[in-house]
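Q: The structure file work.cif (mmCIF, C-alpha atoms and all ligand atoms) is provided below.
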data_coords
loop_
_atom_site.label_atom_id
_atom_site.label_comp_id
_atom_site.auth_asym_id
_atom_site.auth_seq_id
_atom_site.Cartn_x
_atom_site.Cartn_y
_atom_site.Cartn_z
CA MET B 286 -9.21 -5.37 -24.41
CA ARG B 287 -5.69 -3.93 -24.13
CA ARG B 288 -5.17 -2.69 -27.64
CA LYS B 289 -6.89 -0.73 -30.38
CA LEU B 290 -9.35 -2.59 -32.53
CA ARG B 291 -8.13 -3.15 -36.10
CA TYR B 292 -10.44 -2.54 -39.01
CA GLY B 293 -10.53 -2.58 -42.78
CA MET B 294 -12.68 -0.50 -45.10
CA ILE B 295 -14.50 -1.43 -48.31
CA GLY B 296 -15.32 1.69 -50.34
CA GLY B 297 -14.59 5.18 -49.08
CA GLY B 298 -11.81 5.96 -51.55
CA ARG B 299 -10.75 9.32 -52.94
CA GLY B 300 -13.77 11.51 -53.65
CA ALA B 301 -16.22 9.35 -51.71
CA PHE B 302 -18.56 10.83 -49.12
CA ILE B 303 -19.38 8.62 -46.18
CA GLY B 304 -16.16 6.57 -45.87
CA ALA B 305 -14.32 9.60 -44.47
CA VAL B 306 -17.14 10.19 -41.98
CA HIS B 307 -16.78 6.59 -40.75
CA ARG B 308 -13.02 7.05 -40.36
CA ILE B 309 -13.54 10.16 -38.23
CA ALA B 310 -16.30 8.52 -36.17
CA ALA B 311 -14.33 5.32 -35.58
CA ALA B 312 -11.28 7.34 -34.49
CA MET B 313 -13.22 9.62 -32.13
CA ASP B 314 -12.58 7.69 -28.93
CA GLY B 315 -9.09 6.46 -29.84
CA LYS B 316 -10.16 2.84 -29.71
CA ALA B 317 -9.76 1.71 -33.30
CA GLU B 318 -7.33 2.07 -36.19
CA LEU B 319 -7.70 1.55 -39.92
CA VAL B 320 -5.12 -0.96 -41.15
CA ALA B 321 -6.46 -2.32 -44.45
CA GLY B 322 -8.84 -1.56 -47.27
CA ALA B 323 -10.28 -2.13 -50.72
CA PHE B 324 -11.30 1.47 -51.20
CA SER B 325 -12.60 1.59 -54.73
CA SER B 326 -14.01 -0.44 -57.59
CA ASP B 327 -10.92 0.78 -59.46
CA PRO B 328 -7.79 -1.01 -58.09
CA LYS B 329 -5.52 1.93 -58.94
CA ARG B 330 -7.74 4.35 -57.05
CA SER B 331 -7.87 1.92 -54.15
CA ARG B 332 -4.05 1.94 -53.95
CA GLN B 333 -3.93 5.74 -54.17
CA SER B 334 -6.52 6.02 -51.42
CA GLY B 335 -4.43 3.69 -49.23
CA GLU B 336 -1.43 5.98 -49.84
CA ASP B 337 -3.48 9.02 -48.81
CA LEU B 338 -4.16 7.26 -45.51
CA PHE B 339 -0.53 6.11 -45.00
CA LEU B 340 -1.53 2.44 -44.93
CA ASP B 341 0.85 -0.45 -45.44
CA PRO B 342 0.61 -1.04 -49.23
CA ALA B 343 0.59 -4.80 -48.58
CA ARG B 344 -2.80 -4.38 -46.94
CA VAL B 345 -4.40 -2.21 -49.61
CA TYR B 346 -6.24 -4.41 -52.08
CA GLY B 347 -7.58 -4.18 -55.61
CA THR B 348 -10.83 -5.93 -54.71
CA TYR B 349 -12.71 -6.80 -51.51
CA ALA B 350 -12.54 -10.51 -52.43
CA GLU B 351 -8.72 -10.36 -52.45
CA MET B 352 -8.87 -8.52 -49.17
CA ALA B 353 -11.12 -11.11 -47.49
CA GLU B 354 -8.87 -13.94 -48.61
CA ALA B 355 -5.58 -12.33 -47.60
CA GLU B 356 -6.80 -10.88 -44.32
CA ALA B 357 -8.31 -14.20 -43.20
CA ARG B 358 -4.85 -15.78 -43.49
CA LEU B 359 -3.16 -13.29 -41.13
CA PRO B 360 -2.19 -14.38 -37.61
CA ALA B 361 -4.41 -13.38 -34.67
CA ASP B 362 -2.15 -10.51 -33.61
CA ARG B 363 -2.54 -8.77 -37.00
CA ARG B 364 -6.01 -9.89 -37.95
CA LEU B 365 -8.87 -7.43 -38.45
CA ASP B 366 -11.52 -7.22 -35.75
CA PHE B 367 -14.11 -5.85 -38.15
CA VAL B 368 -14.69 -4.34 -41.58
CA VAL B 369 -16.65 -1.24 -42.56
CA ILE B 370 -18.72 -1.32 -45.77
CA VAL B 371 -19.30 2.08 -47.36
CA THR B 372 -19.94 1.18 -50.99
CA PRO B 373 -23.09 2.02 -52.97
CA ASN B 374 -26.16 -0.10 -52.07
CA HIS B 375 -25.66 -2.84 -54.70
CA GLN B 376 -22.24 -3.56 -53.22
CA HIS B 377 -23.27 -4.21 -49.60
CA PHE B 378 -24.45 -7.83 -49.65
CA GLY B 379 -21.38 -9.22 -51.46
CA PRO B 380 -18.70 -7.95 -49.07
CA ALA B 381 -20.92 -8.26 -45.96
CA SER B 382 -21.65 -11.95 -46.54
CA LEU B 383 -18.07 -12.72 -47.60
CA PHE B 384 -16.46 -11.13 -44.54
CA LEU B 385 -19.01 -12.53 -42.09
CA LYS B 386 -18.38 -16.03 -43.45
CA ALA B 387 -14.63 -15.43 -43.13
CA GLY B 388 -15.14 -14.67 -39.43
CA PHE B 389 -15.09 -10.86 -39.37
CA SER B 390 -17.63 -8.59 -37.71
CA VAL B 391 -19.21 -6.00 -40.02
CA VAL B 392 -20.30 -2.38 -39.80
CA CYS B 393 -22.35 -1.52 -42.89
CA ASP B 394 -24.02 1.63 -44.08
CA LYS B 395 -27.69 1.82 -44.98
CA PRO B 396 -29.87 0.74 -46.69
CA VAL B 397 -28.57 -2.64 -45.66
CA THR B 398 -28.76 -4.31 -49.08
CA PHE B 399 -30.03 -3.86 -52.62
CA ASP B 400 -33.38 -5.56 -51.95
CA LEU B 401 -35.40 -7.33 -49.26
CA ALA B 402 -34.48 -10.84 -50.42
CA GLN B 403 -30.79 -10.04 -49.92
CA ALA B 404 -31.52 -8.52 -46.51
CA ARG B 405 -33.25 -11.71 -45.37
CA ARG B 406 -30.33 -13.82 -46.63
CA LEU B 407 -27.89 -11.54 -44.87
CA ARG B 408 -29.89 -11.85 -41.63
CA ALA B 409 -29.49 -15.65 -41.85
CA ILE B 410 -25.74 -15.29 -42.51
CA VAL B 411 -25.30 -12.90 -39.57
CA ARG B 412 -27.07 -15.36 -37.29
CA SER B 413 -25.13 -18.41 -38.42
CA SER B 414 -21.79 -16.56 -38.35
CA GLY B 415 -22.18 -15.53 -34.71
CA LYS B 416 -20.38 -12.29 -35.65
CA LEU B 417 -21.53 -8.79 -34.90
CA PHE B 418 -23.34 -6.75 -37.55
CA ALA B 419 -24.07 -3.04 -37.10
CA LEU B 420 -25.95 -0.75 -39.47
CA THR B 421 -25.14 2.96 -39.40
CA HIS B 422 -28.50 4.64 -39.01
CA ASN B 423 -26.43 7.35 -37.37
CA TYR B 424 -29.22 9.75 -36.39
CA THR B 425 -30.27 7.43 -33.58
CA GLY B 426 -26.84 8.09 -32.05
CA ASN B 427 -27.80 11.68 -31.08
CA ALA B 428 -28.02 12.29 -27.35
CA MET B 429 -31.30 14.21 -27.66
CA VAL B 430 -32.81 11.40 -29.73
CA LYS B 431 -32.02 9.14 -26.76
CA GLN B 432 -33.80 11.70 -24.57
CA ALA B 433 -36.81 11.69 -26.89
CA ARG B 434 -36.98 7.91 -26.66
CA ALA B 435 -36.71 8.14 -22.86
CA PHE B 436 -39.76 10.47 -22.78
CA VAL B 437 -41.72 7.88 -24.75
CA ARG B 438 -40.54 5.00 -22.57
CA ASP B 439 -41.13 6.68 -19.21
CA GLY B 440 -44.69 7.66 -20.14
CA THR B 441 -44.12 11.45 -20.24
CA LEU B 442 -45.92 11.60 -23.60
CA GLY B 443 -48.77 9.28 -22.57
CA THR B 444 -50.21 6.96 -25.21
CA LEU B 445 -48.74 7.72 -28.64
CA ARG B 446 -51.19 8.89 -31.28
CA LYS B 447 -49.30 10.53 -34.09
CA VAL B 448 -45.82 10.61 -35.60
CA VAL B 449 -44.76 13.16 -38.20
CA VAL B 450 -41.32 12.60 -39.64
CA GLU B 451 -39.96 14.57 -42.56
CA TYR B 452 -36.69 14.44 -44.41
CA PRO B 453 -36.49 17.15 -47.08
CA GLN B 454 -33.27 17.69 -49.03
CA GLY B 455 -32.85 19.84 -52.13
CA TRP B 456 -29.61 18.62 -53.71
CA LEU B 457 -31.29 16.44 -56.38
CA ALA B 458 -33.74 19.11 -57.56
CA ASP B 459 -31.87 19.18 -60.89
CA ALA B 460 -30.43 16.34 -62.95
CA ILE B 461 -26.91 16.69 -61.55
CA GLU B 462 -26.37 12.98 -62.21
CA LEU B 463 -26.07 13.85 -65.92
CA SER B 464 -22.97 15.93 -65.21
CA GLY B 465 -21.30 12.92 -63.58
CA GLN B 466 -21.79 13.94 -59.93
CA LYS B 467 -20.63 10.71 -58.31
CA GLN B 468 -23.03 10.49 -55.37
CA ALA B 469 -26.00 11.46 -57.54
CA SER B 470 -25.21 9.08 -60.39
CA TRP B 471 -25.46 5.80 -58.46
CA ARG B 472 -28.34 7.02 -56.26
CA THR B 473 -30.50 7.64 -59.35
CA ASP B 474 -29.52 4.36 -61.06
CA PRO B 475 -31.88 1.41 -60.34
CA LYS B 476 -29.03 -1.05 -60.95
CA ARG B 477 -26.98 0.42 -58.11
CA SER B 478 -29.48 2.09 -55.78
CA GLY B 479 -32.27 -0.52 -55.73
CA ALA B 480 -36.02 -0.30 -56.30
CA ALA B 481 -36.18 3.18 -54.77
CA GLY B 482 -34.19 6.38 -54.99
CA CYS B 483 -34.99 8.97 -52.37
CA ILE B 484 -37.14 6.66 -50.25
CA GLY B 485 -34.28 4.16 -49.94
CA ASP B 486 -31.58 6.77 -49.50
CA ILE B 487 -33.17 8.98 -46.84
CA GLY B 488 -36.71 7.62 -46.32
CA THR B 489 -35.15 4.67 -44.50
CA HIS B 490 -33.41 7.06 -42.08
CA ALA B 491 -36.78 8.68 -41.33
CA GLU B 492 -38.44 5.28 -40.90
CA ASN B 493 -35.64 4.11 -38.60
CA LEU B 494 -35.69 7.28 -36.50
CA ALA B 495 -39.47 7.10 -36.03
CA ARG B 496 -39.30 3.45 -35.02
CA TYR B 497 -36.33 4.03 -32.72
CA ILE B 498 -37.92 6.89 -30.78
CA THR B 499 -41.44 5.48 -30.57
CA GLY B 500 -40.79 1.73 -30.47
CA LEU B 501 -43.80 1.40 -32.80
CA GLU B 502 -43.95 -1.05 -35.67
CA ILE B 503 -45.39 -0.08 -39.05
CA GLU B 504 -48.37 -2.31 -39.72
CA GLU B 505 -49.50 -0.80 -43.02
CA LEU B 506 -48.55 2.06 -45.27
CA CYS B 507 -49.89 3.98 -48.24
CA ALA B 508 -47.41 5.74 -50.48
CA ASP B 509 -47.28 8.20 -53.34
CA LEU B 510 -43.85 8.40 -54.98
CA SER B 511 -42.95 10.91 -57.67
CA THR B 512 -40.10 11.56 -60.04
CA PHE B 513 -40.04 15.28 -60.63
CA VAL B 514 -36.79 15.51 -62.55
CA LYS B 515 -37.33 14.59 -66.19
CA GLY B 516 -35.63 11.40 -67.35
CA ARG B 517 -34.76 10.19 -63.86
CA LYS B 518 -35.60 6.53 -63.35
CA LEU B 519 -36.20 6.48 -59.59
CA ASP B 520 -38.33 8.48 -57.16
CA ASP B 521 -36.99 11.81 -55.96
CA ASP B 522 -39.99 12.58 -53.73
CA GLY B 523 -42.14 10.42 -51.47
CA ASN B 524 -45.20 10.96 -49.27
CA VAL B 525 -46.21 8.05 -47.04
CA LEU B 526 -49.10 7.54 -44.62
CA LEU B 527 -48.36 5.13 -41.79
CA ARG B 528 -50.55 2.97 -39.58
CA PHE B 529 -48.67 1.62 -36.59
CA LYS B 530 -49.52 -1.49 -34.61
CA GLY B 531 -51.59 -0.40 -31.62
CA GLY B 532 -53.44 2.37 -33.47
CA ALA B 533 -51.05 5.31 -33.77
CA LYS B 534 -50.93 7.06 -37.14
CA GLY B 535 -48.05 8.67 -38.95
CA VAL B 536 -46.94 10.75 -41.90
CA LEU B 537 -43.50 10.29 -43.44
CA LEU B 538 -42.11 12.61 -46.08
CA ALA B 539 -38.80 12.08 -47.81
CA SER B 540 -37.78 14.27 -50.70
CA GLN B 541 -34.64 15.34 -52.53
CA ILE B 542 -36.23 18.05 -54.66
CA CYS B 543 -37.07 20.42 -51.78
CA VAL B 544 -35.01 23.35 -53.04
CA GLY B 545 -33.34 25.31 -50.29
CA ASP B 546 -33.45 22.49 -47.77
CA GLU B 547 -30.16 20.87 -46.81
CA ASN B 548 -30.51 17.88 -44.51
CA ALA B 549 -33.68 18.82 -42.63
CA LEU B 550 -34.61 15.56 -40.92
CA ASN B 551 -37.26 16.48 -38.33
CA ILE B 552 -39.57 14.45 -36.13
CA ARG B 553 -42.62 15.23 -34.01
CA VAL B 554 -44.27 12.63 -31.81
CA TYR B 555 -47.64 13.34 -30.19
CA GLY B 556 -49.02 11.42 -27.22
CA THR B 557 -52.15 11.90 -25.14
CA LYS B 558 -50.26 14.01 -22.56
CA ALA B 559 -47.39 15.73 -24.35
CA SER B 560 -45.35 15.84 -27.53
CA ILE B 561 -41.70 16.07 -28.56
CA GLU B 562 -40.01 17.74 -31.49
CA TRP B 563 -36.42 17.23 -32.70
CA HIS B 564 -34.55 18.73 -35.66
CA GLN B 565 -31.41 17.11 -37.02
CA GLU B 566 -29.91 20.46 -38.01
CA HIS B 567 -30.28 21.63 -34.38
CA PRO B 568 -29.48 18.33 -32.70
CA ASN B 569 -28.52 19.66 -29.28
CA GLU B 570 -32.10 20.70 -28.51
CA LEU B 571 -35.27 18.75 -27.91
CA ALA B 572 -38.65 20.44 -27.46
CA LEU B 573 -41.05 18.93 -24.96
CA LYS B 574 -44.56 20.40 -25.24
CA PHE B 575 -47.45 20.11 -22.78
CA PRO B 576 -50.85 21.65 -23.51
CA ASP B 577 -50.89 23.77 -20.34
CA GLN B 578 -47.27 24.87 -19.94
CA PRO B 579 -44.78 26.98 -21.82
CA ARG B 580 -42.70 24.90 -24.24
CA GLN B 581 -39.65 23.29 -22.63
CA ILE B 582 -36.37 23.18 -24.53
CA TRP B 583 -34.12 20.43 -23.24
CA ARG B 584 -30.49 20.93 -24.14
CA ARG B 585 -27.71 18.38 -24.46
CA GLY B 586 -24.95 18.36 -21.88
CA ASN B 587 -26.97 19.48 -18.86
CA GLY B 588 -27.36 17.71 -15.54
CA TYR B 589 -31.12 17.56 -15.96
CA ASP B 590 -30.82 15.30 -19.04
CA GLY B 591 -31.70 11.67 -18.50
CA ALA B 592 -29.15 8.90 -18.01
CA GLU B 593 -29.28 7.70 -21.63
CA ALA B 594 -28.73 11.18 -23.08
CA ARG B 595 -25.82 11.69 -20.69
CA ARG B 596 -24.27 8.35 -21.62
CA PHE B 597 -24.06 9.58 -25.23
CA THR B 598 -22.69 13.03 -24.47
CA ARG B 599 -19.01 13.85 -24.92
CA LEU B 600 -18.82 17.63 -24.50
CA PRO B 601 -20.18 20.04 -21.87
CA ALA B 602 -23.34 22.05 -22.58
CA GLY B 603 -22.93 24.80 -25.15
CA HIS B 604 -20.23 22.97 -27.11
CA PRO B 605 -22.32 21.67 -30.01
CA GLU B 606 -22.27 18.01 -30.94
CA GLY B 607 -23.80 16.84 -34.19
CA TYR B 608 -23.62 14.49 -37.13
CA LEU B 609 -20.09 13.23 -36.45
CA GLU B 610 -20.57 12.64 -32.74
CA ALA B 611 -23.83 10.77 -33.35
CA PHE B 612 -21.93 8.57 -35.78
CA GLY B 613 -19.20 8.16 -33.16
CA ASN B 614 -21.84 7.05 -30.66
CA ILE B 615 -22.80 4.15 -32.91
CA TYR B 616 -19.13 3.15 -33.02
CA GLN B 617 -18.82 3.57 -29.25
CA GLU B 618 -21.47 0.89 -28.82
CA VAL B 619 -19.99 -1.38 -31.49
CA PHE B 620 -16.62 -1.17 -29.74
CA ARG B 621 -18.14 -2.07 -26.37
CA ALA B 622 -19.61 -5.16 -28.00
CA LEU B 623 -16.38 -6.11 -29.77
CA ALA B 624 -14.32 -5.60 -26.61
CA ALA B 625 -16.65 -7.86 -24.62
CA GLU B 626 -16.44 -10.46 -27.37
CA ALA B 627 -12.63 -10.29 -27.44
CA ASP B 628 -12.48 -10.68 -23.67
CA GLY B 629 -14.80 -13.70 -23.82
CA LYS B 630 -17.41 -11.84 -21.75
CA PRO B 631 -21.17 -11.75 -22.40
CA LEU B 632 -22.34 -8.77 -24.44
CA PRO B 633 -23.49 -5.79 -22.32
CA THR B 634 -27.29 -5.82 -22.01
CA ASP B 635 -27.64 -2.09 -22.74
CA LEU B 636 -25.96 -2.11 -26.16
CA ASP B 637 -27.56 0.51 -28.38
CA PHE B 638 -26.81 0.35 -32.10
CA PRO B 639 -28.89 -0.58 -35.17
CA THR B 640 -28.61 -4.22 -36.21
CA ILE B 641 -29.44 -6.48 -39.14
CA ASP B 642 -33.06 -6.56 -37.91
CA ASP B 643 -33.25 -2.80 -38.47
CA GLY B 644 -31.80 -3.43 -41.91
CA VAL B 645 -34.48 -5.98 -42.80
CA GLU B 646 -37.15 -3.63 -41.46
CA GLY B 647 -35.79 -0.81 -43.66
CA MET B 648 -35.81 -2.98 -46.78
CA ALA B 649 -39.35 -4.19 -46.01
CA PHE B 650 -40.35 -0.53 -45.71
CA ILE B 651 -38.79 0.33 -49.10
CA GLU B 652 -40.45 -2.58 -50.86
CA ALA B 653 -43.84 -1.82 -49.34
CA VAL B 654 -43.60 1.87 -50.28
CA VAL B 655 -42.66 1.08 -53.89
CA LYS B 656 -45.44 -1.52 -54.16
CA SER B 657 -48.04 0.77 -52.63
CA SER B 658 -47.17 3.61 -54.98
CA ARG B 659 -47.17 1.34 -58.05
CA LEU B 660 -50.64 0.12 -57.07
CA GLY B 661 -51.88 3.71 -57.11
CA ALA B 662 -51.41 4.45 -53.38
CA ARG B 663 -53.04 1.33 -51.99
CA TRP B 664 -52.50 0.23 -48.35
CA VAL B 665 -49.71 -2.38 -48.14
CA LYS B 666 -48.34 -4.38 -45.20
CA PRO B 667 -44.52 -4.51 -45.07
CA ALA B 668 -43.43 -8.14 -45.54
CA ARG B 669 -40.56 -8.80 -43.18
N1 LIG V 701 -25.51 7.06 -42.82
C1 LIG V 701 -25.51 8.11 -43.59
O1 LIG V 701 -25.84 9.22 -43.15
C2 LIG V 701 -25.08 7.99 -45.03
C3 LIG V 701 -24.73 9.14 -45.76
C4 LIG V 701 -24.25 8.96 -47.07
C5 LIG V 701 -24.21 7.71 -47.64
N2 LIG V 701 -24.61 6.61 -46.92
C6 LIG V 701 -24.54 5.27 -47.52
O2 LIG V 701 -23.17 4.92 -47.68
C7 LIG V 701 -22.97 4.22 -48.90
C8 LIG V 701 -21.95 4.98 -49.76
O3 LIG V 701 -22.47 6.26 -50.07
P1 LIG V 701 -21.50 7.47 -50.51
O4 LIG V 701 -22.34 8.68 -50.62
O5 LIG V 701 -20.30 7.53 -49.66
O6 LIG V 701 -21.08 6.98 -51.98
P2 LIG V 701 -19.80 7.42 -52.80
O7 LIG V 701 -20.15 7.21 -54.23
O8 LIG V 701 -19.34 8.76 -52.36
O9 LIG V 701 -18.68 6.37 -52.36
C9 LIG V 701 -18.76 5.00 -52.66
C10 LIG V 701 -17.35 4.42 -52.63
O10 LIG V 701 -17.44 3.01 -52.82
C11 LIG V 701 -16.46 2.62 -53.77
N3 LIG V 701 -16.83 1.34 -54.38
C12 LIG V 701 -17.81 1.07 -55.27
N4 LIG V 701 -17.82 -0.25 -55.58
C13 LIG V 701 -16.82 -0.81 -54.85
C14 LIG V 701 -16.31 -2.13 -54.75
N5 LIG V 701 -16.86 -3.14 -55.42
N6 LIG V 701 -15.26 -2.35 -53.90
C15 LIG V 701 -14.70 -1.34 -53.21
N7 LIG V 701 -15.13 -0.06 -53.29
C16 LIG V 701 -16.18 0.19 -54.10
C17 LIG V 701 -16.40 3.79 -54.74
O11 LIG V 701 -15.22 3.75 -55.52
C18 LIG V 701 -16.44 4.94 -53.74
O12 LIG V 701 -15.14 5.16 -53.20
C19 LIG V 701 -24.34 4.09 -49.55
O13 LIG V 701 -24.90 2.84 -49.24
C20 LIG V 701 -25.16 5.20 -48.90
O14 LIG V 701 -26.54 4.93 -48.84
C21 LIG V 701 -25.02 6.74 -45.64
#
What's the structure tokens form of this structure?
A:
Amino acid sequence: MRRKLRYGMIGGGRGAFIGAVHRIAAAMDGKAELVAGAFSSDPKRSRQSGEDLFLDPARVYGTYAEMAEAEARLPADRRLDFVVIVTPNHQHFGPASLFLKAGFSVVCDKPVTFDLAQARRLRAIVRSSGKLFALTHNYTGNAMVKQARAFVRDGTLGTLRKVVVEYPQGWLADAIELSGQKQASWRTDPKRSGAAGCIGDIGTHAENLARYITGLEIEELCADLSTFVKGRKLDDDGNVLLRFKGGAKGVLLASQICVGDENALNIRVYGTKASIEWHQEHPNELALKFPDQPRQIWRRGNGYDGAEARRFTRLPAGHPEGYLEAFGNIYQEVFRALAAEADGKPLPTDLDFPTIDDGVEGMAFIEAVVKSSRLGARWVKPAR
């Protein structure tokens, strides 16, 4: 691959949250450039957003359908290598399926689709298209999360018994959606968010992180969802018990009414020999705890870190890496895959980014949680 990858963006216009994060992450290693976009559901805003980013106006579109049609007609030396989808949840399946069918690889934010049926259909489309599909469960891109997974895989923890994963946020503790707060308004709207609010928005990150570190599959779950804010139509708090295949047990908490908490995604994994503990707001550290030794704090960027943690480290020890770098690490892996594809080489065997299968798993988790809670906290098996 002797050039930068070219990409287009759907969503991420003026005032949007995660689109800008994707642009920073994709630019981090200097391997990709944004050349096209349909940035908003409002064509005028899309054009203005393209101007903000100094894009060629001819490649800034009013709708993603126009964009797919026009971009597919461009010659190979101008054509997009992939598109990034950063629209609200109900607008993932449409562009993802359209661009895959038009021959473009796709990076999409989570949760993968609006519901499980769409996720299954998208899985079939990804497979038949032969194109690459990546899902940005960005927390798995952290170097010390890789280290945590390595401690599970190399047996340091022994046999896993218990997983505690919690994701408390406080920003939806009041009905800010009523004042027009953009990110809150679609997240609390069942027509745009899906069957779940908080559990789809951040519960899926917790589910994905637990599964990524432990390698365990959720066999059954029992959930109690609540809506604390009056008038809100979707859950803003969720407590879930997990039974994993093989016998380990888990507790997953996701909440957006935890006043005072910001983005406190934390995980603890207990085995028969040792346990690990990782906090998203302090991502450069990983605690490793044995019953008969002082607690060890492993820190990112040191020579003692394992090979996987080092592979996903950009800066020397003491220069903090965080949310953006973890996002960049997902892109790093996507770009390795796309470069191999462009060179006609087989995909590297150690590729490490979330795929459509993680997306289906996440949607199965959401549906099972909602069903369990509606049944009065009955045990439910996720239907993949
Ligand atoms: N991975 C993460 O950590 C993370 C964090 C935040 C959001 N997200 C996910 O990213 C997605 C977007 O979330 P957000 O907070 O950035 O939302 P947002 O409301 O800030 O931005 C959404 C953008 O999509 C645009 N849009 C809507 N419909 C469109 C259409 N049909 N065509 C083109 N553009 C359209 C909007 O105009 C807006 O610019 C959601 O699926 C969310 O779950 C992921």
Q: Could you check the closest approach to Val371 of chain B for each of B:Gly516, B:Gly298, B:Gly335, B:Pro601 and tell me which residue wins, using all atoms listed in the file?
A: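 Between B:Gly516, B:Gly298, B:Gly335, B:Pro601, the residue approaching Val371 of chain B most closely is B:Gly298.
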Q: My list of candidates is B:Phe324, B:Trp456, B:Tyr589, B:Phe436. Which is closest to ligand LIG 701 (chain V) when distances are computed with all atoms listed in the file?
A: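 So, comparing all the options, the nearest one is B:Phe324.
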Q: Could you jot down the atom CA of Leu445 of chain B to atom CA of Ala481 of chain B separation for me, Å, one decimal place?
A: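 Atom CA of Ala481 of chain B lies 29.3 Å from atom CA of Leu445 of chain B.
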Q: Write out as a VMD selection string the residues lying within 8 Å of segment 469-478 of chain B, counting all atoms listed in the file and excluding same-chain residues fewer than 6 positions away.
A: chain B and resid 373 to 376 399 457 461 to 463 485 to 486 517 to 519
Q: Which is closer to ligand LIG 701 (chain V) than all the others in B:Leu636, B:Ala321, B:Ile295, B:Ala404, using only C-alpha atoms and all ligand atoms?
A: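 Answer, going by the shortest atom-to-atom distance: B:Ile295.
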Q: What do you get as an mmCIF file with C-alpha atoms, keeping the file's coordinate frame if you pick all residues at most 7 Å from ligand LIG 701 (chain V), counting only C-alpha atoms and all ligand atoms?
A:
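The file below, part20.cif, is the result:
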data_model
loop_
_atom_site.group_PDB
_atom_site.id
_atom_site.type_symbol
_atom_site.label_atom_id
_atom_site.label_comp_id
_atom_site.auth_asym_id
_atom_site.auth_seq_id
_atom_site.Cartn_x
_atom_site.Cartn_y
_atom_site.Cartn_z
ATOM 1 C CA ILE B 295 -14.500 -1.430 -48.310
ATOM 2 C CA GLY B 296 -15.320 1.690 -50.340
ATOM 3 C CA GLY B 297 -14.590 5.180 -49.080
ATOM 4 C CA GLY B 298 -11.810 5.960 -51.550
ATOM 5 C CA ARG B 299 -10.750 9.320 -52.940
ATOM 6 C CA GLY B 300 -13.770 11.510 -53.650
ATOM 7 C CA ALA B 301 -16.220 9.350 -51.710
ATOM 8 C CA PHE B 302 -18.560 10.830 -49.120
ATOM 9 C CA ILE B 303 -19.380 8.620 -46.180
ATOM 10 C CA GLY B 304 -16.160 6.570 -45.870
ATOM 11 C CA ALA B 323 -10.280 -2.130 -50.720
ATOM 12 C CA PHE B 324 -11.300 1.470 -51.200
ATOM 13 C CA SER B 325 -12.600 1.590 -54.730
ATOM 14 C CA SER B 326 -14.010 -0.440 -57.590
ATOM 15 C CA ASP B 327 -10.920 0.780 -59.460
ATOM 16 C CA THR B 348 -10.830 -5.930 -54.710
ATOM 17 C CA TYR B 349 -12.710 -6.800 -51.510
ATOM 18 C CA VAL B 371 -19.300 2.080 -47.360
ATOM 19 C CA THR B 372 -19.940 1.180 -50.990
ATOM 20 C CA PRO B 373 -23.090 2.020 -52.970
ATOM 21 C CA ASN B 374 -26.160 -0.100 -52.070
ATOM 22 C CA GLN B 376 -22.240 -3.560 -53.220
ATOM 23 C CA ASP B 394 -24.020 1.630 -44.080
ATOM 24 C CA LYS B 395 -27.690 1.820 -44.980
ATOM 25 C CA PRO B 396 -29.870 0.740 -46.690
ATOM 26 C CA THR B 421 -25.140 2.960 -39.400
ATOM 27 C CA HIS B 422 -28.500 4.640 -39.010
ATOM 28 C CA ASN B 423 -26.430 7.350 -37.370
ATOM 29 C CA LYS B 467 -20.630 10.710 -58.310
ATOM 30 C CA GLN B 468 -23.030 10.490 -55.370
ATOM 31 C CA TRP B 471 -25.460 5.800 -58.460
ATOM 32 C CA ASP B 486 -31.580 6.770 -49.500
#
Q: Tell me, in Å to one decimal, how far atom CA of Glu492 of chain B is from atom CA of Val450 of chain B.
A: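 Between atom CA of Glu492 of chain B and atom CA of Val450 of chain B the gap is 8.0 Å.
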Q: Take the point (-28.4, 1.4, -39.6) in the file's coordinates, draw a sphere of radius 10 Å around it, and report as a ChimeraX atom specification every protein, DNA or RNA residue with an atom inside or on it, counting only C-alpha atoms.
A: /B:392-397,418-425,489-490,493-494,615,638-644,647
Q: Quote the spacing between atom CA of Asp628 of chain B and atom CA of Leu417 of chain B in Å to one decimal place.
A: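 Computing it gives 14.5 Å between the two atoms.
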Q: For Pro579 of chain B, find every residue with an atom within 12 Å (counting all atoms listed in the file), except residues of its own chain fewer than 6 positions away, and show them as a list of chain:residue names.
A: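 Those residues are B:Ala559, B:Ala572, B:Leu573.
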Q: Please dump the current selection as a PDB file, in the frame of the given file; keep C-alpha atoms.
A:
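Result went into result_18.pdb, see below:
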ATOM      1  CA  ALA B 559     -47.390  15.730 -24.350  1.00  0.00           C
ATOM      2  CA  ALA B 572     -38.650  20.440 -27.460  1.00  0.00           C
ATOM      3  CA  LEU B 573     -41.050  18.930 -24.960  1.00  0.00           C
TER       4      LEU B 573
END
Q: Build an axis-aligned box that encloses every atom of segment 326-339 of chain B listed in the file, pad it by 5 Å on each side, and report its centre and edge lengths in Å to one decimal, as lines of an AutoDock Vina configuration file.
A:
center_x = -7.3
center_y = 4.0
center_z = -52.2
size_x = 23.5
size_y = 20.0
size_z = 24.5
Q: Counting only C-alpha atoms, which residue out of B:Gly293, B:Pro360, B:Gly607, B:Pro328 sits closest to Leu340 of chain B?
A: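 The answer is B:Gly293, which sits nearest to Leu340 of chain B.
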Q: Taking all atoms listed in the file into account, which of B:Ala624, B:Ala491, B:Ile410, B:Val654 comes nearest Cys507 of chain B?
A: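 Looking only at the distances to Cys507 of chain B, the closest residue turns out to be B:Val654.
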